[in-house]
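Content type compact mmCIF, C-alpha atoms and all ligand atoms, from the file protein-v2.txt:
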```
# COMPACT_ATOMS: atom_id res chain seq x y z
CA MET A 1 11.50 34.64 -15.60
CA ARG A 2 11.39 33.69 -11.93
CA ASP A 3 12.07 30.18 -10.61
CA ILE A 4 8.76 28.36 -10.49
CA LEU A 5 9.85 26.33 -7.47
CA THR A 6 9.65 29.57 -5.49
CA ALA A 7 6.11 30.36 -6.70
CA PRO A 8 3.64 30.65 -3.79
CA PHE A 9 1.15 28.35 -5.54
CA VAL A 10 3.76 25.58 -5.95
CA LYS A 11 4.74 25.99 -2.31
CA GLU A 12 1.09 25.74 -1.25
CA MET A 13 0.74 22.49 -3.17
CA MET A 14 3.95 21.14 -1.60
CA ASP A 15 2.94 22.14 1.91
CA THR A 16 -0.65 20.91 1.64
CA THR A 17 0.23 17.51 0.19
CA ALA A 18 2.95 17.01 2.82
CA ASN A 19 0.56 18.01 5.59
CA MET A 20 -2.20 15.72 4.37
CA TYR A 21 0.20 12.83 3.98
CA ARG A 22 1.43 13.35 7.56
CA LEU A 23 -2.17 13.35 8.78
CA GLY A 24 -2.50 9.86 7.29
CA TRP A 25 -5.30 10.87 4.95
CA ASP A 26 -3.48 10.24 1.67
CA GLU A 27 -1.82 6.87 1.67
CA ARG A 28 0.12 5.73 -1.39
CA ASN A 29 -1.36 7.62 -4.38
CA GLY A 30 -4.57 8.48 -2.52
CA GLY A 31 -5.94 11.98 -2.88
CA ASN A 32 -5.55 14.71 -5.46
CA ILE A 33 -5.63 18.51 -5.60
CA SER A 34 -6.46 20.98 -8.35
CA TYR A 35 -5.94 24.71 -7.93
CA MET A 36 -7.02 27.29 -10.49
CA LEU A 37 -4.33 29.93 -11.07
CA GLU A 38 -4.48 33.44 -12.46
CA GLU A 39 -2.69 33.91 -15.77
CA GLU A 40 -1.05 37.01 -14.28
CA GLU A 41 0.59 35.06 -11.45
CA VAL A 42 1.73 32.17 -13.67
CA LYS A 43 3.33 34.29 -16.38
CA GLU A 44 5.92 35.57 -13.94
CA TYR A 45 7.28 32.02 -13.87
CA LEU A 46 6.36 30.39 -17.19
CA ASP A 47 6.25 31.32 -20.85
CA LEU A 48 2.56 30.77 -21.52
CA ASP A 49 3.20 30.35 -25.25
CA LYS A 50 5.32 27.28 -24.61
CA VAL A 51 3.24 24.11 -24.49
CA ILE A 52 5.33 21.04 -23.55
CA ARG A 53 2.73 18.55 -24.81
CA THR A 54 -1.02 18.15 -24.99
CA ILE A 55 -3.06 15.56 -23.10
CA PRO A 56 -6.70 14.71 -23.86
CA THR A 57 -9.00 15.06 -20.85
CA GLY A 58 -11.80 12.87 -22.20
CA PHE A 59 -14.55 15.36 -21.45
CA GLN A 60 -15.78 18.77 -22.46
CA ALA A 61 -15.08 21.73 -20.18
CA ASP A 62 -16.06 24.72 -22.31
CA SER A 63 -16.50 27.14 -19.42
CA LEU A 64 -12.87 26.46 -18.41
CA ILE A 65 -11.26 27.21 -21.79
CA GLY A 66 -8.03 29.14 -21.19
CA LYS A 67 -8.10 28.46 -17.46
CA ILE A 68 -4.87 27.30 -15.84
CA PHE A 69 -4.66 24.71 -13.06
CA ILE A 70 -1.90 23.17 -11.01
CA VAL A 71 -2.87 19.54 -10.49
CA THR A 72 -1.36 16.51 -8.72
CA GLY A 73 -0.23 13.70 -11.03
CA THR A 74 -1.85 10.33 -11.55
CA GLY A 75 -0.25 7.49 -9.60
CA LYS A 76 1.86 9.99 -7.70
CA TYR A 77 2.22 9.98 -3.92
CA PHE A 78 1.45 13.06 -1.79
CA LYS A 79 4.44 11.90 0.28
CA ASN A 80 6.80 12.68 -2.62
CA VAL A 81 5.52 16.04 -3.89
CA LYS A 82 7.74 18.15 -1.65
CA ASP A 83 10.97 16.48 -2.78
CA ASP A 84 10.13 16.46 -6.49
CA PRO A 85 7.33 18.85 -7.39
CA GLU A 86 8.18 18.91 -11.10
CA THR A 87 7.51 15.17 -11.45
CA ASN A 88 4.53 14.91 -9.11
CA LEU A 89 2.69 18.08 -10.14
CA GLY A 90 1.74 19.64 -13.44
CA ILE A 91 0.41 22.97 -14.65
CA ILE A 92 -2.18 22.61 -17.40
CA ARG A 93 -4.30 24.99 -19.43
CA ILE A 94 -7.61 23.96 -20.96
CA ALA A 95 -7.18 24.43 -24.73
CA GLU A 96 -9.51 26.21 -27.15
CA ASP A 97 -11.34 22.95 -27.94
CA GLY A 98 -12.39 22.59 -24.26
CA THR A 99 -11.26 18.98 -24.10
CA THR A 100 -7.46 19.05 -24.41
CA ALA A 101 -5.07 19.98 -21.62
CA GLU A 102 -1.94 21.89 -22.60
CA LEU A 103 0.94 21.01 -20.31
CA LEU A 104 2.88 24.13 -19.36
CA TRP A 105 5.09 22.63 -16.64
CA GLY A 106 5.62 19.43 -14.69
CA TYR A 107 4.77 15.72 -15.08
CA LYS A 108 8.46 15.56 -15.93
CA ASP A 109 8.55 11.77 -16.23
CA GLY A 110 5.97 11.79 -19.03
CA GLY A 111 3.09 11.46 -16.57
CA ARG A 112 -0.30 13.10 -16.59
CA PHE A 113 -2.85 14.63 -14.26
CA THR A 114 -4.86 12.69 -11.67
CA SER A 115 -7.32 10.09 -12.92
CA GLU A 116 -9.92 12.10 -11.01
CA LEU A 117 -9.52 15.14 -13.29
CA PRO A 118 -13.15 14.81 -14.51
CA ALA A 119 -14.48 15.09 -10.95
CA HIS A 120 -12.10 17.99 -10.27
CA LEU A 121 -12.79 20.08 -13.37
CA MET A 122 -16.53 19.38 -13.32
CA SER A 123 -16.53 20.41 -9.64
CA HIS A 124 -14.67 23.61 -10.52
CA MET A 125 -17.31 24.37 -13.15
CA ALA A 126 -20.15 23.67 -10.72
CA ARG A 127 -18.65 25.73 -7.89
CA LEU A 128 -17.72 28.63 -10.20
CA SER A 129 -21.34 28.75 -11.35
CA VAL A 130 -22.43 29.47 -7.76
CA ASP A 131 -19.25 31.14 -6.46
CA PRO A 132 -17.04 32.93 -9.01
CA LEU A 133 -14.24 33.09 -6.42
CA ASN A 134 -13.87 29.33 -6.06
CA ARG A 135 -10.30 28.18 -6.84
CA VAL A 136 -9.46 24.91 -5.11
CA VAL A 137 -10.77 21.34 -5.18
CA ILE A 138 -9.26 18.72 -2.88
CA HIS A 139 -9.99 15.00 -2.77
CA SER A 140 -8.74 12.96 0.18
CA HIS A 141 -9.28 9.76 2.20
CA PRO A 142 -9.45 11.12 5.78
CA THR A 143 -9.42 8.20 8.21
CA HIS A 144 -12.32 8.91 10.56
CA THR A 145 -14.56 10.29 7.82
CA LEU A 146 -14.05 7.04 5.97
CA ALA A 147 -14.62 4.95 9.11
CA MET A 148 -17.87 6.81 9.73
CA ASN A 149 -19.06 5.81 6.25
CA TYR A 150 -19.20 2.19 7.42
CA VAL A 151 -21.25 2.70 10.56
CA HIS A 152 -23.46 5.69 9.77
CA GLU A 153 -26.31 5.93 7.28
CA LEU A 154 -25.15 7.56 4.05
CA ASP A 155 -27.99 10.02 3.99
CA GLU A 156 -26.95 13.64 3.54
CA LYS A 157 -29.35 15.09 6.07
CA LYS A 158 -28.52 12.50 8.74
CA PHE A 159 -24.79 12.53 7.98
CA THR A 160 -24.60 16.33 8.12
CA HIS A 161 -26.72 16.47 11.27
CA THR A 162 -24.46 14.00 13.07
CA LEU A 163 -21.36 15.97 12.08
CA TRP A 164 -22.96 19.25 13.21
CA GLU A 165 -23.61 17.64 16.61
CA MET A 166 -19.97 16.63 17.08
CA CYS A 167 -18.27 20.04 17.32
CA THR A 168 -19.81 23.38 18.18
CA GLU A 169 -18.22 25.10 15.20
CA CYS A 170 -19.33 22.60 12.56
CA ILE A 171 -22.56 24.32 11.59
CA VAL A 172 -20.67 27.60 11.31
CA VAL A 173 -17.85 26.14 9.17
CA PHE A 174 -20.06 24.14 6.80
CA PRO A 175 -23.59 25.53 7.15
CA ASP A 176 -24.35 24.29 3.64
CA GLY A 177 -23.85 20.72 4.93
CA VAL A 178 -22.22 17.72 3.32
CA GLY A 179 -23.46 16.09 0.11
CA VAL A 180 -23.22 12.31 0.02
CA LEU A 181 -22.79 9.98 -2.95
CA PRO A 182 -23.19 6.21 -2.62
CA TRP A 183 -20.22 3.98 -3.43
CA MET A 184 -19.44 4.46 -7.11
CA LEU A 185 -16.65 3.45 -9.46
CA CYS A 186 -14.08 6.25 -9.38
CA GLY A 187 -11.84 7.81 -12.03
CA ASN A 188 -14.50 8.34 -14.69
CA ASN A 189 -16.89 10.96 -16.02
CA THR A 190 -19.96 9.42 -14.33
CA ILE A 191 -18.68 10.00 -10.81
CA GLY A 192 -17.38 13.38 -12.00
CA GLU A 193 -20.84 14.43 -13.14
CA ALA A 194 -22.47 13.15 -9.94
CA THR A 195 -19.91 15.04 -7.83
CA ALA A 196 -20.40 18.23 -9.80
CA GLU A 197 -24.17 17.99 -9.43
CA LYS A 198 -23.71 17.89 -5.63
CA MET A 199 -21.15 20.70 -5.79
CA LYS A 200 -23.84 23.10 -7.00
CA GLU A 201 -25.32 22.77 -3.52
CA PHE A 202 -22.43 21.73 -1.26
CA ARG A 203 -18.74 22.59 -0.84
CA LEU A 204 -18.20 19.13 0.66
CA VAL A 205 -19.15 15.84 -0.98
CA VAL A 206 -18.56 12.44 0.59
CA TRP A 207 -17.82 9.59 -1.78
CA GLY A 208 -19.33 6.61 0.05
CA MET A 209 -16.67 4.21 1.38
CA HIS A 210 -13.99 6.13 -0.51
CA GLY A 211 -13.31 9.62 0.78
CA ILE A 212 -14.32 13.23 0.47
CA TYR A 213 -14.20 16.20 -1.91
CA GLY A 214 -13.92 19.76 -0.69
CA ALA A 215 -14.06 23.00 -2.67
CA GLY A 216 -13.20 26.54 -1.66
CA ARG A 217 -11.77 29.91 -2.50
CA ASP A 218 -8.26 29.11 -1.33
CA MET A 219 -6.18 26.24 0.00
CA ASP A 220 -6.77 27.10 3.67
CA GLU A 221 -10.53 27.30 3.31
CA THR A 222 -10.73 24.05 1.35
CA PHE A 223 -8.36 22.14 3.61
CA GLY A 224 -10.14 23.61 6.64
CA LEU A 225 -13.51 22.31 5.46
CA ILE A 226 -12.19 18.75 5.13
CA GLU A 227 -10.25 19.07 8.38
CA THR A 228 -13.38 20.13 10.25
CA VAL A 229 -15.45 17.24 8.89
CA GLU A 230 -12.62 14.87 9.79
CA LYS A 231 -12.44 16.22 13.34
CA ALA A 232 -16.19 15.82 13.77
CA ALA A 233 -16.04 12.29 12.33
CA GLN A 234 -13.25 11.49 14.78
CA ILE A 235 -15.39 12.61 17.73
CA TYR A 236 -18.22 10.52 16.32
CA MET A 237 -16.02 7.43 16.02
CA LEU A 238 -14.71 7.95 19.56
CA THR A 239 -18.22 8.16 20.99
CA ALA A 240 -20.63 6.28 18.69
CA HIS A 241 -20.34 3.05 20.69
CA LEU A 242 -20.79 4.79 24.06
CA PRO A 243 -24.03 5.94 25.67
CA ARG A 244 -24.75 9.52 24.56
CA VAL A 245 -25.22 11.60 27.72
CA ASN A 246 -24.99 15.07 26.18
CA THR A 247 -25.38 16.56 22.76
CA ILE A 248 -25.62 19.89 20.96
CA LYS A 249 -29.33 20.46 20.51
CA ASP A 250 -30.90 21.63 17.27
CA SER A 251 -32.07 24.79 19.01
CA GLU A 252 -28.45 25.48 19.98
CA MET A 253 -27.31 24.98 16.39
CA VAL A 254 -29.87 27.58 15.34
CA GLU A 255 -28.46 29.91 18.00
CA LEU A 256 -24.94 29.36 16.63
CA ALA A 257 -25.92 29.87 13.00
CA GLU A 258 -27.76 33.04 13.87
CA ALA A 259 -25.01 34.42 16.10
CA PHE A 260 -22.42 33.88 13.35
CA GLY A 261 -24.78 35.03 10.61
CA VAL A 262 -24.44 31.95 8.39
CA LYS A 263 -27.06 30.71 5.96
CA TYR A 264 -27.59 27.11 6.96
CA ARG A 265 -29.59 24.15 5.71
CA LYS A 266 -32.65 24.49 7.94
CA ASP A 267 -34.07 21.32 6.42
CA PHE A 268 -31.10 19.41 7.86
CA LEU A 269 -32.28 20.20 11.40
CA ASN A 270 -35.23 18.63 13.18
CA LEU A 271 -36.99 21.74 14.37
O1 LIG A 301 -5.86 9.29 -7.21
O2 LIG A 301 -7.66 8.98 -4.55
O3 LIG A 301 -9.76 8.46 -6.06
C1 LIG A 301 -6.08 8.44 -6.17
C2 LIG A 301 -7.44 8.54 -5.65
C3 LIG A 301 -8.53 8.10 -6.54
ZN ZN A 302 -9.62 8.61 -3.81
```
Take the structure in this file and express it as structure tokens.
Amino acid sequence: MRDILTAPFVKEMMDTTANMYRLGWDERNGGNISYMLEEEEVKEYLDLDKVIRTIPTGFQADSLIGKIFIVTGTGKYFKNVKDDPETNLGIIRIAEDGTTAELLWGYKDGGRFTSELPAHLMSHMARLSVDPLNRVVIHSHPTHTLAMNYVHELDEKKFTHTLWEMCTECIVVFPDGVGVLPWMLCGNNTIGEATAEKMKEFRLVVWGMHGIYGAGRDMDETFGLIETVEKAAQIYMLTAHLPRVNTIKDSEMVELAEAFGVKYRKDFLNL
């Protein structure tokens, strides 16, 4: 059996959490990541018949039975993952009953997965139903995205349109736009279900006055989606209080989308 601390998926979790912490997006215990793993890749490092303990998830995830995820721990700080992955991360498998998580590795101090597991697993289910290659869900509190929530209408068409205007590449990176939820209580199944409903349509979902969710096929794609929204929100926050002299026109966004061959939300433009 190989040393799990050398597994590429553990390293990706360590690198991504450290990077996001350094960007200032994941203060204290803010943010969480779940990453669906292939049984084949995990069994090189872990005996899949050895369950350390079981943890109830509190919801039903039948389409994920047998699926394995590496997930950040509840109350744990992104800042600390790199120095102690076995305490701050865990590898879980959804048991036969669809509602219990079998711990295969990690949460060494007796901990458990993020309180946002419902939103994560329900988002995985929603994304997998539209994209079977989806693997990663990231939640974060990126600074400018959050700031923008306080000064911009939380309307998904208007919010997406403003972001698309802020960087030329935005419409190419997230042509499906950004879903927006109003402020809601977090850490429960209700916000999980609302997030998942949006995830059928969007790979990015803003949680009003809280943060953002991103979903993608790998860590780079998912991080890159959030990073691009955050960059656009930063440009917005640097310019929103200044007279707007120039902008990217809707006709130019159409030109971009067509040149790059992306299927975009036409109804989010004012054509
Ligand atoms: O886990 O970000 O939304 C910490 C959070 C909750
Ligand atoms: Zn949060």
Any residue with an atom at most 9 Å from ligand ZN 302 (chain A) counts, using only C-alpha atoms and all ligand atoms. Which are they? Put them as a PDB file with C-alpha atoms, keeping the file's coordinate frame.
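Saved the output as result-v2.pdb:
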```
ATOM      1  CA  ASP A  26      -3.480  10.240   1.670  1.00  0.00           C
ATOM      2  CA  ASN A  29      -1.360   7.620  -4.380  1.00  0.00           C
ATOM      3  CA  GLY A  30      -4.570   8.480  -2.520  1.00  0.00           C
ATOM      4  CA  GLY A  31      -5.940  11.980  -2.880  1.00  0.00           C
ATOM      5  CA  ASN A  32      -5.550  14.710  -5.460  1.00  0.00           C
ATOM      6  CA  GLU A 116      -9.920  12.100 -11.010  1.00  0.00           C
ATOM      7  CA  HIS A 139      -9.990  15.000  -2.770  1.00  0.00           C
ATOM      8  CA  SER A 140      -8.740  12.960   0.180  1.00  0.00           C
ATOM      9  CA  HIS A 141      -9.280   9.760   2.200  1.00  0.00           C
ATOM     10  CA  CYS A 186     -14.080   6.250  -9.380  1.00  0.00           C
ATOM     11  CA  GLY A 187     -11.840   7.810 -12.030  1.00  0.00           C
ATOM     12  CA  TRP A 207     -17.820   9.590  -1.780  1.00  0.00           C
ATOM     13  CA  HIS A 210     -13.990   6.130  -0.510  1.00  0.00           C
ATOM     14  CA  GLY A 211     -13.310   9.620   0.780  1.00  0.00           C
ATOM     15  CA  ILE A 212     -14.320  13.230   0.470  1.00  0.00           C
TER      16      ILE A 212
END
```
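Interatomic distance, atom CA of A:Ile65 against atom CA of A:Met122: 12.7 Å.
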*Distance query A:Lys108 at most 12 Å, all atoms listed in the file, self and fewer than 2 positions along chain excluded, as a ChimeraX atom specification*: /A:52-53,73,76,84-91,103-106,110-113
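For the set A:Glu169, A:Gly224, A:Gly179, A:Arg244, the residue with the smallest atom-to-atom gap to A:Phe260 is A:Glu169, counting all atoms listed in the file.
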Show me, as JSON, the centre and edge lengths in Å to one decimal of the axis-aligned box that covers every listed atom of ligand LIG 301 (chain A) with 6 Å on each side.
```
{"center_x": -7.8, "center_y": 8.7, "center_z": -5.9, "size_x": 15.9, "size_y": 13.2, "size_z": 14.7}
```
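For A:Arg93, the set of protein, DNA and RNA residues having any atom at most 9 Å away, when counting all atoms listed in the file and skipping those fewer than 6 positions along the same chain, is Leu64, Ile65, Gly66, Lys67, Ile68, Phe69, Ile70, Thr100, Ala101, Glu102, Leu103 and Leu104 of chain A.
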Using only C-alpha atoms, please write the residues we just selected to a file, as a compact mmCIF listing (two decimals), in the coordinates of the input.
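What follows is the written file out-v2.txt:
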```txt
# COMPACT_ATOMS: atom_id res chain seq x y z
CA LEU A 64 -12.87 26.46 -18.41
CA ILE A 65 -11.26 27.21 -21.79
CA GLY A 66 -8.03 29.14 -21.19
CA LYS A 67 -8.10 28.46 -17.46
CA ILE A 68 -4.87 27.30 -15.84
CA PHE A 69 -4.66 24.71 -13.06
CA ILE A 70 -1.90 23.17 -11.01
CA THR A 100 -7.46 19.05 -24.41
CA ALA A 101 -5.07 19.98 -21.62
CA GLU A 102 -1.94 21.89 -22.60
CA LEU A 103 0.94 21.01 -20.31
CA LEU A 104 2.88 24.13 -19.36
```
*Give me the residues within 8 Å of stretch 11-21 of chain A as a ChimeraX atom specification, counting all atoms listed in the file and dropping any in the same chain fewer than 6 places off.*
/A:5,27,33,78-82,85,219
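Within a radius of 7 Å around (-24.3, 23.8, 10.0), the polymer residues are Trp164, Cys170, Ile171, Val172, Val173, Phe174, Pro175, Asp176, Gly177, Ala257, Tyr264 and Arg265 of chain A, counting all atoms listed in the file.
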Written selection (C-alpha atoms) as a CSV table (one decimal), keeping the file's coordinate frame:
```
chain,number,residue,atom,x,y,z
A,164,TRP,CA,-23.0,19.2,13.2
A,170,CYS,CA,-19.3,22.6,12.6
A,171,ILE,CA,-22.6,24.3,11.6
A,172,VAL,CA,-20.7,27.6,11.3
A,173,VAL,CA,-17.8,26.1,9.2
A,174,PHE,CA,-20.1,24.1,6.8
A,175,PRO,CA,-23.6,25.5,7.2
A,176,ASP,CA,-24.4,24.3,3.6
A,177,GLY,CA,-23.8,20.7,4.9
A,257,ALA,CA,-25.9,29.9,13.0
A,264,TYR,CA,-27.6,27.1,7.0
A,265,ARG,CA,-29.6,24.2,5.7
```
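Comparing A:Met1, A:Ala7, A:Ile138, A:Val42 by their smallest distance to ligand LIG 301 (chain A), the closest is A:Ile138 (using all atoms listed in the file).
Residue nearest ligand LIG 301 (chain A), chosen from A:Asn188, A:Val10, A:Thr54, A:Gln60 and counting all atoms listed in the file: A:Asn188.
Straight-line separation from atom CA of A:Leu185 to atom CA of A:Asp220: 28.8 Å.
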_Residue nearest ligand LIG 301 (chain A) among A:Gly208, A:Gly58, A:Gly216, A:Pro8 (counting all atoms listed in the file)_ = A:Gly208
_A:Asp218 environment, 10 Å, all atoms listed in the file, sequence neighbours closer than 3 positions dropped, as a list in words_ = Glu12, Tyr35, Met36, Leu133, Asn134, Arg135, Val136, Val137, Ala215, Glu221, Thr222, Phe223 and Gly224 of chain A
